[in-house]
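Below is one structure, written out as structure tokens; comments come after it.
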Amino acid sequence: MAILKKKTSSRRSSSKGKDYITDEMIRSPWFWIILAAGLAIYFIFLRDSNDSEDKTKIDSTTDCITSIKEIEEWEFLTLHLEELIDTVVPKKLSECQSAKIFSGTAHLGINTKKANKSWIVLTDNKATITLPPIELLDKEIIDDTRTRTFYEKGTISATVKEKMYQNAKRRLKAKAMQKENIKMAEENAKETFKSLFTALGYKTVKVTFKK
């Protein structure tokens, strides 16, 4: 399921200390899809109403699209990965050995700051959306709390431990960005945007990726 990250602080509506719209709701694409679908269904019942109600429909749809454009990061695939890294350090009297299993979580998605200026084009009943390429959204991919030592002999220096960490980081990123994962994230992105704009009332929705 995709997760969204806005460039502004998450919006909340609270009363007496209770949150009615949580951060988790705002991050979920289903929040926006359900909201759009709700608006679409609501205005079906009002389609025979007067011009002022038609204007309300247009304004509400415009607000939804504006909110969509304001979201910078959209996550479409979450991967839980592990990588075994081992090393042997020769010493004069004996050698030191270490083997660690590094665990991490990778989030694949898009950053709309890298999209074209007009990445959403709307004409009558058609929506044309050009998304930026799928990328790894994480700066840090390794979860230190889940990393565990498989085997260790002797004293391993901080320098060696750091080299092991950086090696694991490179391997986990490469594993996350494999072609099949990128393709899966793209398919999830297309499905999300098609569902979202269909719910907003657009009969034809075309989603492609920027090359």
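By order in the structure tokens, chains are A, B, ...; within a chain, residues start at 1; ligands start at 1, following the order shown.
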Find the residues of range 57-139 of chain A that sit at most 10 Å from range 148-172 of chain A; for each, write down the nearest two atoms and how far apart they are in Å, to one decimal. Count only C-alpha atoms. Sort by chain, then by number going up, and give it as CSV.
```
residue,atom,partner,partner_atom,distance
A:His80,CA,A:Leu172,CA,9.7
A:Leu81,CA,A:Leu172,CA,6.8
A:Glu82,CA,A:Leu172,CA,7.2
A:Glu83,CA,A:Ala168,CA,6.4
A:Leu84,CA,A:Ala168,CA,7.6
A:Ile85,CA,A:Met164,CA,6.5
A:Asp86,CA,A:Met164,CA,7.5
A:Thr87,CA,A:Met164,CA,7.6
A:Val88,CA,A:Lys153,CA,9.4
A:Val89,CA,A:Ile156,CA,8.1
A:Lys91,CA,A:Gly154,CA,9.8
A:Ser94,CA,A:Gly154,CA,8.4
A:Glu95,CA,A:Gly154,CA,7.3
A:Cys96,CA,A:Gly154,CA,4.7
A:Gln97,CA,A:Lys153,CA,5.0
A:Ser98,CA,A:Glu152,CA,4.2
A:Ala99,CA,A:Tyr151,CA,4.9
A:Lys100,CA,A:Thr149,CA,4.4
A:Ile101,CA,A:Arg148,CA,5.4
A:Phe102,CA,A:Ala168,CA,6.6
A:Ser103,CA,A:Arg148,CA,8.3
A:Gly104,CA,A:Leu172,CA,7.5
A:Thr105,CA,A:Leu172,CA,9.0
A:Ala106,CA,A:Leu172,CA,8.3
```
Could you please take those selected residues and save N, CA and C atoms as an mmCIF file, in the first residue's frame?
```cif
data_model
loop_
_atom_site.group_PDB
_atom_site.id
_atom_site.type_symbol
_atom_site.label_atom_id
_atom_site.label_comp_id
_atom_site.auth_asym_id
_atom_site.auth_seq_id
_atom_site.Cartn_x
_atom_site.Cartn_y
_atom_site.Cartn_z
ATOM 1 N N HIS A 80 11.119 -5.559 3.178
ATOM 2 C CA HIS A 80 11.898 -5.887 4.368
ATOM 3 C C HIS A 80 13.035 -6.810 3.926
ATOM 4 N N LEU A 81 14.261 -6.344 4.098
ATOM 5 C CA LEU A 81 15.415 -7.025 3.513
ATOM 6 C C LEU A 81 16.436 -7.415 4.571
ATOM 7 N N GLU A 82 17.250 -8.427 4.236
ATOM 8 C CA GLU A 82 18.351 -8.856 5.094
ATOM 9 C C GLU A 82 19.576 -9.133 4.233
ATOM 10 N N GLU A 83 20.747 -8.906 4.818
ATOM 11 C CA GLU A 83 21.999 -9.169 4.099
ATOM 12 C C GLU A 83 23.057 -9.640 5.094
ATOM 13 N N LEU A 84 23.702 -10.761 4.776
ATOM 14 C CA LEU A 84 24.772 -11.303 5.616
ATOM 15 C C LEU A 84 26.113 -10.737 5.146
ATOM 16 N N ILE A 85 26.827 -10.102 6.057
ATOM 17 C CA ILE A 85 28.144 -9.546 5.755
ATOM 18 C C ILE A 85 29.161 -10.181 6.695
ATOM 19 N N ASP A 86 30.218 -10.766 6.112
ATOM 20 C CA ASP A 86 31.262 -11.346 6.958
ATOM 21 C C ASP A 86 32.620 -10.776 6.569
ATOM 22 N N THR A 87 33.538 -10.820 7.504
ATOM 23 C CA THR A 87 34.870 -10.279 7.250
ATOM 24 C C THR A 87 35.890 -11.042 8.079
ATOM 25 N N VAL A 88 37.117 -11.088 7.576
ATOM 26 C CA VAL A 88 38.241 -11.702 8.277
ATOM 27 C C VAL A 88 39.372 -10.688 8.313
ATOM 28 N N VAL A 89 39.865 -10.398 9.517
ATOM 29 C CA VAL A 89 40.949 -9.433 9.682
ATOM 30 C C VAL A 89 42.190 -10.172 10.170
ATOM 31 N N LYS A 91 45.637 -10.985 11.832
ATOM 32 C CA LYS A 91 46.461 -10.434 12.918
ATOM 33 C C LYS A 91 47.758 -11.230 13.007
ATOM 34 N N SER A 94 46.726 -14.154 15.683
ATOM 35 C CA SER A 94 45.484 -14.839 15.284
ATOM 36 C C SER A 94 44.651 -13.873 14.445
ATOM 37 N N GLU A 95 43.663 -14.390 13.806
ATOM 38 C CA GLU A 95 42.812 -13.544 12.978
ATOM 39 C C GLU A 95 41.475 -13.284 13.669
ATOM 40 N N CYS A 96 40.899 -12.139 13.342
ATOM 41 C CA CYS A 96 39.585 -11.779 13.879
ATOM 42 C C CYS A 96 38.541 -12.005 12.781
ATOM 43 N N GLN A 97 37.408 -12.517 13.193
ATOM 44 C CA GLN A 97 36.331 -12.783 12.239
ATOM 45 C C GLN A 97 35.017 -12.213 12.763
ATOM 46 N N SER A 98 34.189 -11.807 11.847
ATOM 47 C CA SER A 98 32.871 -11.302 12.233
ATOM 48 C C SER A 98 31.872 -11.549 11.108
ATOM 49 N N ALA A 99 30.696 -11.946 11.490
ATOM 50 C CA ALA A 99 29.603 -12.125 10.530
ATOM 51 C C ALA A 99 28.342 -11.530 11.151
ATOM 52 N N LYS A 100 27.729 -10.601 10.429
ATOM 53 C CA LYS A 100 26.527 -9.933 10.925
ATOM 54 C C LYS A 100 25.414 -10.022 9.891
ATOM 55 N N ILE A 101 24.196 -10.112 10.378
ATOM 56 C CA ILE A 101 23.019 -10.064 9.511
ATOM 57 C C ILE A 101 22.397 -8.689 9.674
ATOM 58 N N PHE A 102 22.490 -7.887 8.624
ATOM 59 C CA PHE A 102 21.945 -6.531 8.635
ATOM 60 C C PHE A 102 20.511 -6.562 8.080
ATOM 61 N N SER A 103 19.602 -5.972 8.816
ATOM 62 C CA SER A 103 18.201 -5.919 8.389
ATOM 63 C C SER A 103 17.806 -4.480 8.098
ATOM 64 N N GLY A 104 16.925 -4.313 7.139
ATOM 65 C CA GLY A 104 16.476 -2.960 6.798
ATOM 66 C C GLY A 104 15.131 -2.962 6.103
ATOM 67 N N THR A 105 14.542 -1.790 6.031
ATOM 68 C CA THR A 105 13.267 -1.606 5.351
ATOM 69 C C THR A 105 13.441 -0.564 4.258
ATOM 70 N N ALA A 106 13.082 -0.930 3.045
ATOM 71 C CA ALA A 106 13.206 -0.023 1.898
ATOM 72 C C ALA A 106 11.825 0.411 1.433
#
```
field: Polymer residues at most 10 Å from Asp124 in chain A, only C-alpha atoms, same-chain spacing of 2 or more positions, as an NGL selection string
entry: :A and (122 or 126-127 or 201-204)
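One finds CA of Leu196 in chain A at 9.9 Å from CA of Cys64 in chain A.
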At most 8 Å is the cut-off: for each residue in range 78-164 of chain A with any atom that close to an atom of range 176-188 of chain A, write down the nearest atom pair and the distance in Å rounded to one decimal, counting only C-alpha atoms, chain first then increasing number, as a Markdown table.
```
| residue | atom | partner | partner_atom | distance |
| --- | --- | --- | --- | --- |
| A:Leu79 | CA | A:Ala176 | CA | 7.1 |
| A:Leu81 | CA | A:Ala176 | CA | 7.8 |
| A:Ala106 | CA | A:Ala176 | CA | 6.4 |
| A:Leu108 | CA | A:Ala185 | CA | 6.6 |
| A:Gly109 | CA | A:Ala185 | CA | 6.7 |
| A:Ile134 | CA | A:Ile182 | CA | 6.4 |
| A:Glu135 | CA | A:Met177 | CA | 7.7 |
| A:Leu136 | CA | A:Met177 | CA | 7.2 |
```
- line: Of A:Ile68, A:Val207, A:Val121, A:Leu131, the one sitting nearest Glu191 in chain A when using only C-alpha atoms is A:Val207
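Between CA of Thr130 in chain A and CA of Lys210 in chain A the interatomic distance comes to 6.0 Å.
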message: If DSSP is run on the backbone, what residues of range 39-174 of chain A are helix (DSSP H, G or I)? A reply as a ChimeraX atom specification would be ideal.
response: /A:39-44,51-70,112-114,144-146,158-174
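Across the model, the gap from CA of Thr112 in chain A to CA of Leu137 in chain A is 11.7 Å.
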